[in-house]
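These notes are about the structure you will find just below.
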4 protein chains.
Amino acid sequence: MSEKPRVLVAGASGFTGALAAQIVDRHPGMRLVAVTSRSDAGTRLDRLYPRYRVPLELTELDLEALDGVDAAIVAYPHGAAAPTVAALREQGIVVADLSADFRLRDGETYERWYGEHGAPQLFGGAVYGLAELYREQLREAKLAAIPGCYPTASVLALAPLAERGLLRDVVIDAKQGVSGAGRGGGDAMHYVSMDENAFAYKTEGHRHRPEIEQELAALGAAAPVTFVPHLLPLDQGELTSCYAQLSEPIGKAELQALYAERYAAEPFVQAVGRPPGLRDVRDSNECHVYVTVTDRERVLAFSAIDNLWKGASGQAVQCLNLMLGLDETEGLG
Amino acid sequence: MSEKPRVLVAGASGFTGALAAQIVDRHPGMRLVAVTSRSDAGTRLDRLYPRYRVPLELTELDLEALDGVDAAIVAYPHGAAAPTVAALREQGIVVADLSADFRLRDGETYERWYGEHGAPQLFGGAVYGLAELYREQLREAKLAAIPGCYPTASVLALAPLAERGLLRDVVIDAKQGVSGAGRGGGDAMHYVSMDENAFAYKTEGHRHRPEIEQELAALGAAAPVTFVPHLLPLDQGELTSCYAQLSEPIGKAELQALYAERYAAEPFVQAVGRPPGLRDVRDSNECHVYVTVTDRERVLAFSAIDNLWKGASGQAVQCLNLMLGLDETEGLG
Amino acid sequence: MSEKPRVLVAGASGFTGALAAQIVDRHPGMRLVAVTSRSDAGTRLDRLYPRYRVPLELTELDLEALDGVDAAIVAYPHGAAAPTVAALREQGIVVADLSADFRLRDGETYERWYGEHGAPQLFGGAVYGLAELYREQLREAKLAAIPGCYPTASVLALAPLAERGLLRDVVIDAKQGVSGAGRGGGDAMHYVSMDENAFAYKTEGHRHRPEIEQELAALGAAAPVTFVPHLLPLDQGELTSCYAQLSEPIGKAELQALYAERYAAEPFVQAVGRPPGLRDVRDSNECHVYVTVTDRERVLAFSAIDNLWKGASGQAVQCLNLMLGLDETEGLG
Amino acid sequence: MSEKPRVLVAGASGFTGALAAQIVDRHPGMRLVAVTSRSDAGTRLDRLYPRYRVPLELTELDLEALDGVDAAIVAYPHGAAAPTVAALREQGIVVADLSADFRLRDGETYERWYGEHGAPQLFGGAVYGLAELYREQLREAKLAAIPGCYPTASVLALAPLAERGLLRDVVIDAKQGVSGAGRGGGDAMHYVSMDENAFAYKTEGHRHRPEIEQELAALGAAAPVTFVPHLLPLDQGELTSCYAQLSEPIGKAELQALYAERYAAEPFVQAVGRPPGLRDVRDSNECHVYVTVTDRERVLAFSAIDNLWKGASGQAVQCLNLMLGLDETEGLG
């Protein structure tokens with residue numbers, strides 16, 4: 001039997017990095033060789049996140065000491081990831097990057113939302129890490145830009161319509177649990193602030209919107225997107241409710257058949273028979289999708305994912321599986 | 001000093017009836033004389049709802065023994081309310097009805113959504129119980145049809161646009177706590193079913209939609225409405241996110257000024273400076289409204305209410321105050 | 001009619017100070033004249049806590065400019081309160097102090113748990129602010145040391161046993177919502193840390209224990225107390241479960257009669273007929289108490305309060321009412 | 001490679017049966033051959049519990065058609081399980097029974113708490129399914145009586161003290177999430193009833209207490225046990241706080257060493273360094289235990305488990321692993 005690929009998780013003290021470390025640690029086809037963190041170096045990861053049970057000590061990332069590392073998941077903040085990703089790639093390490101740094105393909109759009117890029121030489125050099133759209137490219141890729149949680153859920157909800165050229169205009173009302181806001185957050189993310197609460201935020205414009213528009217356009221739908229995120233009083237989970245206008249009328253049965261067929265062979269996406277609930281996908285890499293038409297002939301498409309799994313770390317491992325020649329679902333059951 | 005009006009709450013064992021009983025019981029200008037219930041007759045209300053602290057025993061409603069009752073809040077299921085409301089009105093009792101039985105003004109629409117009407121002679125004879133729209137009519141009314149919680153939040157979010165004739169098309173994504181589903185509900189409303197969950201329901205058509213359309217049309221906006229309700233893992237609260245298309249472009253500052261002016265004199269509606277949160281209005285009769293424009297020029301209007309208060313029982317007392325000649329805000333502080 | 005007493009709330013940006021400001025603001029017999037805060041001076045309180053709807057700007061406390069202030073509620077951290085309380089008292093201002101600085105009557109015990117005292121000249125000069133034990137003294141007092149939330153719930157649960165000299169040994173297992181931990185708290189109080197969680201803390205010794213022992217001893221029960229606090233995934237509420245050994249056997253009916261009689265005349269304490277639940281007392285100044293005996297003859301006493309109300313701010317106003325000659329329950333309905 | 005044992009789950013529509021079905025379904029060393037239910041026969045299990053993803057239809061149990069079934073997990077109500085367990089055993093099927101029917105070894109105690117036994121010929125014929133105490137016996141057993149969730153957590157918290165003969169008297173304050181109450185439950189388990197709530201129940205005596213006493217006595221501690229359960233507003237999890245009096249003084253360091261040593265080789269029990277939290281063990285078969293001594297020399301022992309996993313279904317599979325000659329931890333990672 002050949003040696004398992006040796007995987008590093010950089011930025012493992014945040015929510016998504018810690019979960020990525022856990023998934024890799026339990027993965028039958030990977031070997032977790034290091035977990036790094038600037039802020040929590042010296043702490044064991046299973047002390048910081050007991051429920052993930054990863055018995056490794058967090059260390060500072062040393063780019064000079066990566067001999068034998070085959071692949072890395074980078075869970076750094078937007079902007080901070082690019083230089084590290086570039087350094088890892090220079091050493092031939094396969095990278096799944098959880099930041100936004102390589103997701104957008106238009107430089108101007110990147111700069112408008114995130115500022116100057118930290119590794120312009122690599123910009124445009126990643127495959128967008130949504131296996132349901134880019135499976136074959138990911139098999140050849142060395143760098144995957146893992147989508148944001150909102151684009152993952154939104155694009156999977158709308159892809160069958162976009163691919164058929166049906167999508168003309170869309171409103172996406174997205175709702176997410178508090179883990180989506182990451183560690184920190186101060187008073188606003190205090191238990192007492194979020195308990196029995198719910199609200200919209202970044203209503204004037206959220207930087208996941210250009211990412212959604214980019215991917216829908218790539219599928220053939222250059223539709224304007226209205227996207228508004230909300231926070232809900234729960235831990236993990238993300239629900240998108242999409243209100244679509246189509247270029248031609250199409251009935252509910254036909255739409256549901258379209259979705260069923262589109263996702264029939266997908267291991268992690270399931271077209272379900274009723275509006276999906278967050279409990280059904282919690283702690284899994286699943287995406288549940290439902291499409292219907294109202295009695296006023298508006299098309300509705302819903303998707304539910306776990307924002308930390310299919311919206312981040314699970315998806316990163318799904319991509320790594322493809323990039324490393326493993327079975328796409330391995331370690332994600 | 002004149003005698004306080006004597007008020008009966010019929011159907012006081014459900015969530016909205018029980019809260020109505022509490023509000024009336026503490027109301028300095030009303031006297032709660034009886035609370036009735038078929039299913040829980042014989043039980044004291046403060047045993048069923050200790051936190052409301054209403055020390056009265058639930059009895060069966062006896063329409064022959066209502067001497068001295070001046071006003072009633074009826075909290076019966078849709079369809080069941082009409083005959084009782086009619087009987088109360090025949091005795092000259094002022095009624096605030098929490099059911100849908102007298103909200104719609106078009107008979108066919110009523111029948112399509114609710115079936116045959118239980119008191120056709122009274123159909124059309126109520127004032128719609130939204131003081132922000134029908135304040136003067138309510139002062140003269142003897143029967144108020146208290147709006148559904150979704151129409152309350154939706155119409156207050158959109159009224160300033162509708163009144164100006166700006167509203168062309170609207171998508172309403174509404175999110176509500178579990179109390180909105182009422183008592184009962186079986187497995188689906190079990191704590192374990194709703195905890196860490198969220199989902200859309202009645203996606204193909206919810207009977208609050210015609211009510212919303214009726215009121216927006218009455219304001220001058222015959223716009224088609226797409227309305228989708230969701231359940232959230234919290235107790236009380238309702239958030240509507242409205243995505244509006246306008247008949248002419250109008251900027252954010254102008255819109256916010258329009259809302260501020262429209263609601264400046266309203267005692268219970270407040271145009272706030274950021275997307276409203278449910279905690280801010282919990283256990284109050286307040287409605288917080290926020291309007292803005294996205295960087296893609298879509299108009300967004302949000303509203304937050306407590307579904308049991310401004311969405312039902314608080315609003316019923318607000319209407320009764322007007323109908324009985326009391327100060328509109330009395331007992332609702 | 002005489003002028004209403006003018007009340008200042010110092011430290012109004014924390015959870016208990018903000019609620020105290022709200023209660024005073026709505027109090028028919030008091031006038032809220034100022035709310036102060038070091039950290040949030042310049043911010044309006046209704047921006048920081050929209051749901052309390054107190055339309056005053058937070059200012060820094062200026063001890064030179066308190067002309068006309070009759071009374072103050074001080075919500076400062078332990079240790080920091082004493083000098084301010086002393087300065088207010090020197091100006092003749094009646095004070096209800098929410099800190100621990102004047103609760104203990106033994107100097108050594110104070111120093112062991114809190115360090116050096118900030119106003120030793122006043123130490124021992126306060127009345128313990130539990131009206132159920134010290135009502136008459138409070139009517140004459142100028143300084144009330146408002147009990148901690150845990151001592152309030154624990155002492156009310158056990159007082160009838162202690163007063164009869166029955167209490168020999170007691171274990172108190174206390175459970176509190178997250179608001180008890182106050183603002184701040186960092187990662188540990190993040191929504192994601194507390195959601196679906198519960199745990200004990202300060203298991204080796206919590207500084208509320210000597211306070212509980214002091215008050216039980218004052219009632220005649222010099223019993224050793226084991227006290228362990230826990231945090232629960234909820235906002236407001238505190239439940240104590242007390243496991244008592246008595247000096248003589250006494251049956252359930254007799255115990256329940258003892259509790260019923262002891263609290264019959266108390267406006268805020270109610271001996272209830274089943275183990276009390278936190279929902280029943282949420283957002284109220286009520287304390288529900290239940291006593292029983294197990295089939296193994298262990299005596300159990302339970303109490304439920306809202307930690308921010310009866311455990312802090314509501315109780316402060318209850319004491320101020322007595323100190324200012326108002327009705328004890330005014331403004332607390 | 002030999003054939004995998006074929007496993008049936010009877011009563012798979014309840015919370016514990018459904019989870020047992022999921023664990024068996026994913027178990028690399030078992031084959032799930034049938035899931036049965038009287039109330040939900042005809043429904044697919046993944047429709048009832050989507051998140052468990054078990055693609056089998058529930059059928060009614062047919063005792064005449066069990067050819068080829070090697071083992072069964074029975075998740076029936078107390079009293080109802082015994083006859084079915086007996087019938088399965090007569091066919092040579094290895095059984096892990098989640099009910100209380102075979103846990104107690106004293107007939108009179110059983111009858112006092114549960115009534116007449118449904119299969120007296122088998123009474124006393126089971127091994128108590130707590131591998132940490134009965135590992136070797138379970139390897140030889142054909143029938144395991146899986147402990148209640150409260151006894152599991154309580155006995156694991158106290159076993160090291162009981163085994164050394166140190167335990168003299170103990171108070172157990174147990175706190176559990178709502179899933180412990182099972183499906184059904186009506187109004188009391190409605191989301192709105194439990195949200196922001198917590199309370200004690202069955203305070204006069206809970207039938208898990210004799211089970212705890214039986215097991216502590218078997219370890220050498222015939223101590224009287226005071227046991228009081230509480231419900232918390234969370235889904236899965238159980239925390240016990242045990243207040244022990246010892247027969248001789250023993251320091252904190254020595255106690256912690258005793259616990260560390262006792263559980264060092266246990267795959268699922270971990271002596272941790274601070275009071276355990278429910279999040280840390282959620283959705284796992286882990287039990288976290290912590291022991292300490294207060295500054296008043298009371299010994300405290302805490303344990304945290306997931307009531308559905310280590311408190312029921314995970315433990316059942318742990319026992320089946322032993323009974324079927326598999327690795328004890330297989331399928332429980």
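Here, A, B, ... name the chains of the structure tokens in the order displayed, residue numbers run from 1 inside each chain, and ligands are numbered from 1 in the same displayed order.
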
Taking only residues of chain C that have an atom at most 9 Å from an atom of chain B, what is each one's shortest atom pair and its distance in Å to one decimal, using only C-alpha atoms, in chain and number order, as JSON lines?
```
{"residue": "C:Arg26", "atom": "CA", "partner": "B:Gly333", "partner_atom": "CA", "distance": 8.6}
{"residue": "C:Tyr49", "atom": "CA", "partner": "B:Asp280", "partner_atom": "CA", "distance": 7.7}
{"residue": "C:Pro50", "atom": "CA", "partner": "B:Asp280", "partner_atom": "CA", "distance": 5.4}
{"residue": "C:Arg51", "atom": "CA", "partner": "B:Asp280", "partner_atom": "CA", "distance": 4.4}
{"residue": "C:Tyr52", "atom": "CA", "partner": "B:Asp280", "partner_atom": "CA", "distance": 8.1}
{"residue": "C:Arg279", "atom": "CA", "partner": "B:Arg51", "partner_atom": "CA", "distance": 6.9}
{"residue": "C:Asp280", "atom": "CA", "partner": "B:Arg51", "partner_atom": "CA", "distance": 4.3}
{"residue": "C:Val281", "atom": "CA", "partner": "B:Arg51", "partner_atom": "CA", "distance": 6.1}
{"residue": "C:Arg282", "atom": "CA", "partner": "B:Arg51", "partner_atom": "CA", "distance": 7.4}
{"residue": "C:Ser284", "atom": "CA", "partner": "B:Arg51", "partner_atom": "CA", "distance": 8.5}
{"residue": "C:Gly333", "atom": "CA", "partner": "B:Arg26", "partner_atom": "CA", "distance": 8.7}
```

Kindly export the residues of the current selection with all heavy atoms, as a compact mmCIF listing (two decimals), in the first residue's frame.
```txt
# COMPACT_ATOMS: atom_id res chain seq x y z
N ARG C 26 -39.33 53.72 34.03
CA ARG C 26 -40.77 53.46 33.92
C ARG C 26 -41.48 53.57 35.27
O ARG C 26 -42.70 53.39 35.34
CB ARG C 26 -40.98 52.04 33.39
CG ARG C 26 -40.41 51.84 32.01
CD ARG C 26 -40.79 50.47 31.48
NE ARG C 26 -40.21 50.28 30.16
CZ ARG C 26 -40.36 49.19 29.44
NH1 ARG C 26 -41.08 48.19 29.90
NH2 ARG C 26 -39.79 49.07 28.25
N TYR C 49 -28.94 49.38 24.42
CA TYR C 49 -29.97 48.40 24.82
C TYR C 49 -31.31 48.85 24.26
O TYR C 49 -32.14 49.40 24.99
CB TYR C 49 -30.06 48.28 26.34
CG TYR C 49 -28.82 47.73 26.99
CD1 TYR C 49 -27.78 48.55 27.40
CD2 TYR C 49 -28.69 46.35 27.20
CE1 TYR C 49 -26.64 48.03 28.00
CE2 TYR C 49 -27.56 45.81 27.80
CZ TYR C 49 -26.54 46.66 28.19
OH TYR C 49 -25.42 46.14 28.77
N PRO C 50 -31.53 48.64 22.96
CA PRO C 50 -32.78 49.16 22.37
C PRO C 50 -34.02 48.69 23.10
O PRO C 50 -34.99 49.43 23.23
CB PRO C 50 -32.73 48.62 20.93
CG PRO C 50 -31.28 48.37 20.66
CD PRO C 50 -30.69 47.97 21.98
N ARG C 51 -34.00 47.45 23.58
CA ARG C 51 -35.25 46.95 24.15
C ARG C 51 -35.62 47.62 25.47
O ARG C 51 -36.76 47.49 25.91
CB ARG C 51 -35.20 45.43 24.31
CG ARG C 51 -34.27 44.93 25.38
CD ARG C 51 -34.10 43.41 25.22
NE ARG C 51 -33.28 42.83 26.25
CZ ARG C 51 -33.73 42.05 27.22
NH1 ARG C 51 -35.02 41.75 27.29
NH2 ARG C 51 -32.92 41.54 28.12
N TYR C 52 -34.68 48.29 26.11
CA TYR C 52 -35.03 48.97 27.35
C TYR C 52 -35.63 50.36 27.10
O TYR C 52 -36.21 50.95 28.00
CB TYR C 52 -33.81 49.07 28.26
CG TYR C 52 -33.41 47.74 28.85
CD1 TYR C 52 -32.10 47.51 29.27
CD2 TYR C 52 -34.33 46.70 28.99
CE1 TYR C 52 -31.73 46.29 29.82
CE2 TYR C 52 -33.96 45.47 29.53
CZ TYR C 52 -32.66 45.28 29.95
OH TYR C 52 -32.30 44.07 30.49
N ARG C 279 -38.91 29.87 33.05
CA ARG C 279 -39.83 30.67 32.22
C ARG C 279 -40.86 31.40 33.05
O ARG C 279 -41.33 32.48 32.67
CB ARG C 279 -40.59 29.78 31.24
CG ARG C 279 -39.92 29.56 29.92
CD ARG C 279 -40.83 28.80 28.97
NE ARG C 279 -41.76 29.67 28.30
CZ ARG C 279 -41.51 30.33 27.17
NH1 ARG C 279 -40.35 30.20 26.58
NH2 ARG C 279 -42.41 31.11 26.63
N ASP C 280 -41.27 30.77 34.16
CA ASP C 280 -42.37 31.34 34.95
C ASP C 280 -41.98 32.65 35.61
O ASP C 280 -42.86 33.43 35.99
CB ASP C 280 -42.81 30.35 36.03
CG ASP C 280 -43.41 29.09 35.42
OD1 ASP C 280 -43.65 29.06 34.21
OD2 ASP C 280 -43.64 28.13 36.18
N VAL C 281 -40.68 32.90 35.80
CA VAL C 281 -40.27 34.11 36.51
C VAL C 281 -39.47 35.06 35.62
O VAL C 281 -39.06 36.14 36.07
CB VAL C 281 -39.42 33.77 37.76
CG1 VAL C 281 -40.27 32.95 38.75
CG2 VAL C 281 -38.16 33.01 37.38
N ARG C 282 -39.27 34.68 34.38
CA ARG C 282 -38.48 35.50 33.47
C ARG C 282 -39.03 36.93 33.37
O ARG C 282 -40.24 37.12 33.28
CB ARG C 282 -38.50 34.86 32.08
CG ARG C 282 -37.62 35.56 31.08
CD ARG C 282 -37.72 34.90 29.71
NE ARG C 282 -37.31 35.84 28.69
CZ ARG C 282 -36.21 35.75 27.97
NH1 ARG C 282 -35.43 34.71 28.09
NH2 ARG C 282 -35.88 36.67 27.09
N SER C 284 -39.32 39.19 35.52
CA SER C 284 -40.16 39.61 36.64
C SER C 284 -39.33 39.64 37.91
O SER C 284 -38.24 39.07 37.97
CB SER C 284 -41.33 38.63 36.83
OG SER C 284 -40.93 37.55 37.65
N GLY C 333 -44.31 45.83 38.87
CA GLY C 333 -45.39 44.93 38.43
C GLY C 333 -45.09 44.40 37.07
O GLY C 333 -45.81 43.68 36.46
```

Residue set, region 86-320 of chain D restricted to strand (DSSP E), as JSON, numbers by chain: {"D": [94, 95, 96, 97, 127, 128, 143, 144, 145, 167, 168, 169, 170, 171, 172, 173, 174, 175, 176, 199, 200, 225, 226, 227, 228, 229, 230, 231, 238, 239, 240, 241, 242, 243, 244, 245, 246, 269, 270, 271, 287, 288, 289, 290, 291, 292, 293, 299, 300, 301, 302, 303, 304, 305]}

Those of region 231-320 of chain A in DSSP helix (DSSP H, G or I), formatted as a list in words: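 Reading the DSSP output for region 231-320 of chain A, helix (DSSP H, G or I) covers Lys252, Ala253, Glu254, Leu255, Gln256, Ala257, Leu258, Tyr259, Ala260, Glu261, Arg262, Tyr263, Leu278, Arg279, Asp280, Trp309, Lys310, Gly311, Ala312, Ser313, Gly314, Gln315, Ala316, Val317, Gln318, Cys319 and Leu320 of chain A.
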
Kindly save the residues from that selection, with N, CA, C and O atoms included, as a JSON list (two decimals), in the first residue's frame.
```
[["chain", "number", "residue", "atom", "x", "y", "z"],
["A", 252, "LYS", "N", -43.88, 23.32, -11.96],
["A", 252, "LYS", "CA", -43.25, 22.76, -10.78],
["A", 252, "LYS", "C", -42.71, 21.35, -11.04],
["A", 252, "LYS", "O", -41.57, 21.03, -10.66],
["A", 253, "ALA", "N", -43.51, 20.52, -11.67],
["A", 253, "ALA", "CA", -43.08, 19.14, -11.88],
["A", 253, "ALA", "C", -41.82, 19.10, -12.76],
["A", 253, "ALA", "O", -40.88, 18.36, -12.49],
["A", 254, "GLU", "N", -41.82, 19.92, -13.77],
["A", 254, "GLU", "CA", -40.68, 19.94, -14.68],
["A", 254, "GLU", "C", -39.43, 20.44, -13.96],
["A", 254, "GLU", "O", -38.32, 19.91, -14.13],
["A", 255, "LEU", "N", -39.62, 21.48, -13.17],
["A", 255, "LEU", "CA", -38.50, 22.02, -12.40],
["A", 255, "LEU", "C", -37.93, 20.98, -11.44],
["A", 255, "LEU", "O", -36.71, 20.80, -11.31],
["A", 256, "GLN", "N", -38.84, 20.30, -10.76],
["A", 256, "GLN", "CA", -38.36, 19.31, -9.78],
["A", 256, "GLN", "C", -37.65, 18.15, -10.48],
["A", 256, "GLN", "O", -36.67, 17.62, -9.97],
["A", 257, "ALA", "N", -38.13, 17.82, -11.68],
["A", 257, "ALA", "CA", -37.45, 16.77, -12.45],
["A", 257, "ALA", "C", -36.05, 17.25, -12.87],
["A", 257, "ALA", "O", -35.08, 16.49, -12.83],
["A", 258, "LEU", "N", -35.99, 18.52, -13.27],
["A", 258, "LEU", "CA", -34.71, 19.09, -13.66],
["A", 258, "LEU", "C", -33.69, 19.00, -12.52],
["A", 258, "LEU", "O", -32.54, 18.59, -12.70],
["A", 259, "TYR", "N", -34.13, 19.39, -11.33],
["A", 259, "TYR", "CA", -33.23, 19.35, -10.17],
["A", 259, "TYR", "C", -32.86, 17.90, -9.81],
["A", 259, "TYR", "O", -31.71, 17.61, -9.48],
["A", 260, "ALA", "N", -33.85, 17.03, -9.84],
["A", 260, "ALA", "CA", -33.58, 15.64, -9.47],
["A", 260, "ALA", "C", -32.53, 15.05, -10.40],
["A", 260, "ALA", "O", -31.59, 14.37, -9.96],
["A", 261, "GLU", "N", -32.69, 15.34, -11.66],
["A", 261, "GLU", "CA", -31.76, 14.79, -12.66],
["A", 261, "GLU", "C", -30.37, 15.42, -12.50],
["A", 261, "GLU", "O", -29.36, 14.73, -12.52],
["A", 262, "ARG", "N", -30.37, 16.73, -12.34],
["A", 262, "ARG", "CA", -29.08, 17.43, -12.24],
["A", 262, "ARG", "C", -28.23, 16.88, -11.10],
["A", 262, "ARG", "O", -27.01, 16.78, -11.21],
["A", 263, "TYR", "N", -28.89, 16.55, -9.98],
["A", 263, "TYR", "CA", -28.13, 16.17, -8.80],
["A", 263, "TYR", "C", -28.15, 14.67, -8.51],
["A", 263, "TYR", "O", -27.61, 14.22, -7.49],
["A", 278, "LEU", "N", -32.41, 22.95, 8.52],
["A", 278, "LEU", "CA", -30.99, 22.95, 8.88],
["A", 278, "LEU", "C", -30.59, 21.73, 9.71],
["A", 278, "LEU", "O", -29.46, 21.26, 9.60],
["A", 279, "ARG", "N", -31.49, 21.25, 10.56],
["A", 279, "ARG", "CA", -31.15, 20.06, 11.36],
["A", 279, "ARG", "C", -30.76, 18.88, 10.48],
["A", 279, "ARG", "O", -29.96, 18.04, 10.88],
["A", 280, "ASP", "N", -31.39, 18.80, 9.30],
["A", 280, "ASP", "CA", -31.17, 17.62, 8.46],
["A", 280, "ASP", "C", -29.75, 17.54, 7.91],
["A", 280, "ASP", "O", -29.31, 16.46, 7.49],
["A", 309, "TRP", "N", -19.22, 22.78, 7.32],
["A", 309, "TRP", "CA", -18.88, 21.58, 6.56],
["A", 309, "TRP", "C", -18.90, 21.86, 5.05],
["A", 309, "TRP", "O", -17.89, 22.17, 4.47],
["A", 310, "LYS", "N", -20.07, 21.73, 4.45],
["A", 310, "LYS", "CA", -20.16, 21.95, 3.00],
["A", 310, "LYS", "C", -19.84, 23.41, 2.67],
["A", 310, "LYS", "O", -19.39, 23.71, 1.57],
["A", 311, "GLY", "N", -20.03, 24.30, 3.64],
["A", 311, "GLY", "CA", -19.71, 25.70, 3.40],
["A", 311, "GLY", "C", -18.26, 26.06, 3.63],
["A", 311, "GLY", "O", -17.87, 27.21, 3.42],
["A", 312, "ALA", "N", -17.43, 25.10, 4.05],
["A", 312, "ALA", "CA", -16.02, 25.44, 4.30],
["A", 312, "ALA", "C", -15.16, 24.17, 4.37],
["A", 312, "ALA", "O", -14.64, 23.71, 3.35],
["A", 313, "SER", "N", -15.03, 23.60, 5.55],
["A", 313, "SER", "CA", -14.00, 22.59, 5.78],
["A", 313, "SER", "C", -14.31, 21.25, 5.11],
["A", 313, "SER", "O", -13.40, 20.58, 4.60],
["A", 314, "GLY", "N", -15.56, 20.84, 5.13],
["A", 314, "GLY", "CA", -15.91, 19.59, 4.46],
["A", 314, "GLY", "C", -15.66, 19.72, 2.97],
["A", 314, "GLY", "O", -15.11, 18.82, 2.32],
["A", 315, "GLN", "N", -16.05, 20.86, 2.43],
["A", 315, "GLN", "CA", -15.83, 21.11, 1.01],
["A", 315, "GLN", "C", -14.33, 21.14, 0.67],
["A", 315, "GLN", "O", -13.92, 20.66, -0.41],
["A", 316, "ALA", "N", -13.52, 21.68, 1.57],
["A", 316, "ALA", "CA", -12.07, 21.70, 1.33],
["A", 316, "ALA", "C", -11.53, 20.27, 1.23],
["A", 316, "ALA", "O", -10.71, 19.97, 0.36],
["A", 317, "VAL", "N", -12.01, 19.41, 2.09],
["A", 317, "VAL", "CA", -11.55, 18.01, 2.03],
["A", 317, "VAL", "C", -12.10, 17.32, 0.78],
["A", 317, "VAL", "O", -11.39, 16.53, 0.14],
["A", 318, "GLN", "N", -13.32, 17.63, 0.44],
["A", 318, "GLN", "CA", -13.90, 17.09, -0.81],
["A", 318, "GLN", "C", -12.99, 17.45, -1.99],
["A", 318, "GLN", "O", -12.68, 16.60, -2.84],
["A", 319, "CYS", "N", -12.55, 18.69, -2.03],
["A", 319, "CYS", "CA", -11.66, 19.12, -3.11],
["A", 319, "CYS", "C", -10.29, 18.44, -3.02],
["A", 319, "CYS", "O", -9.74, 17.98, -4.03],
["A", 320, "LEU", "N", -9.75, 18.38, -1.83],
["A", 320, "LEU", "CA", -8.45, 17.71, -1.66],
["A", 320, "LEU", "C", -8.52, 16.26, -2.12],
["A", 320, "LEU", "O", -7.59, 15.74, -2.74]]
```

Gap from CA of Pro83 (chain D) to CA of Gly118 (chain D) - Å, one decimal: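 So the answer is 5.6 Å.
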
Interatomic distance, CA of Arg164 (chain A) to CA of Ala222 (chain A) (Å, one decimal):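 That distance, rounded to one decimal, is 12.1 Å.
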
Contacts of region 293-296 of chain A within 9 Å, only C-alpha atoms, excl. fewer than 5 positions in-chain, as a list of chain:residue names: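 Returned residues: A:Ile250, A:Gly251, A:Lys252, A:Leu255, A:Ala301, B:Thr203, B:Glu204, B:Gly205, B:Pro224, B:Val225, B:Thr226, B:Phe227.
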
Computed interatomic separation between CA of Ala100 (chain A) and CA of His208 (chain A) (Å): 8.9 Å

Nearest-residue call for Pro249 (chain A), choices A:Leu161, A:Gly14, A:Cys287, A:Arg112, using only C-alpha atoms: A:Leu161

Selection: 10 Å around region 62-71 of chain D, only C-alpha atoms, excl. self and same-chain fewer than 2 positions, as a ChimeraX atom specification: /D:4-9,30-34,36,59-60,73-74,84,87-89,91-96,142-143,320,323-324

All residues 12 Å or closer to Tyr110 (chain A), only C-alpha atoms, same chain fewer than 5 positions away omitted, as a list of chain:residue names: A:His78, A:Gly79, A:Ala100, A:Asp101, A:Phe102, A:Arg103, A:Leu104, A:Arg105, A:Gly115, A:Glu116, A:His117, A:Gly118, A:Pro120, A:Phe123, A:Gly124, A:Arg207, A:His208, A:Arg209, A:Pro210, A:Glu211, A:Gln214

Residue nearest Gln22 (chain B) - candidates B:Leu45, B:Val171, B:Val192, B:Leu138, atoms counted: only C-alpha atoms: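 Once distances to Gln22 (chain B) are computed over only C-alpha atoms, the minimum belongs to B:Leu45.
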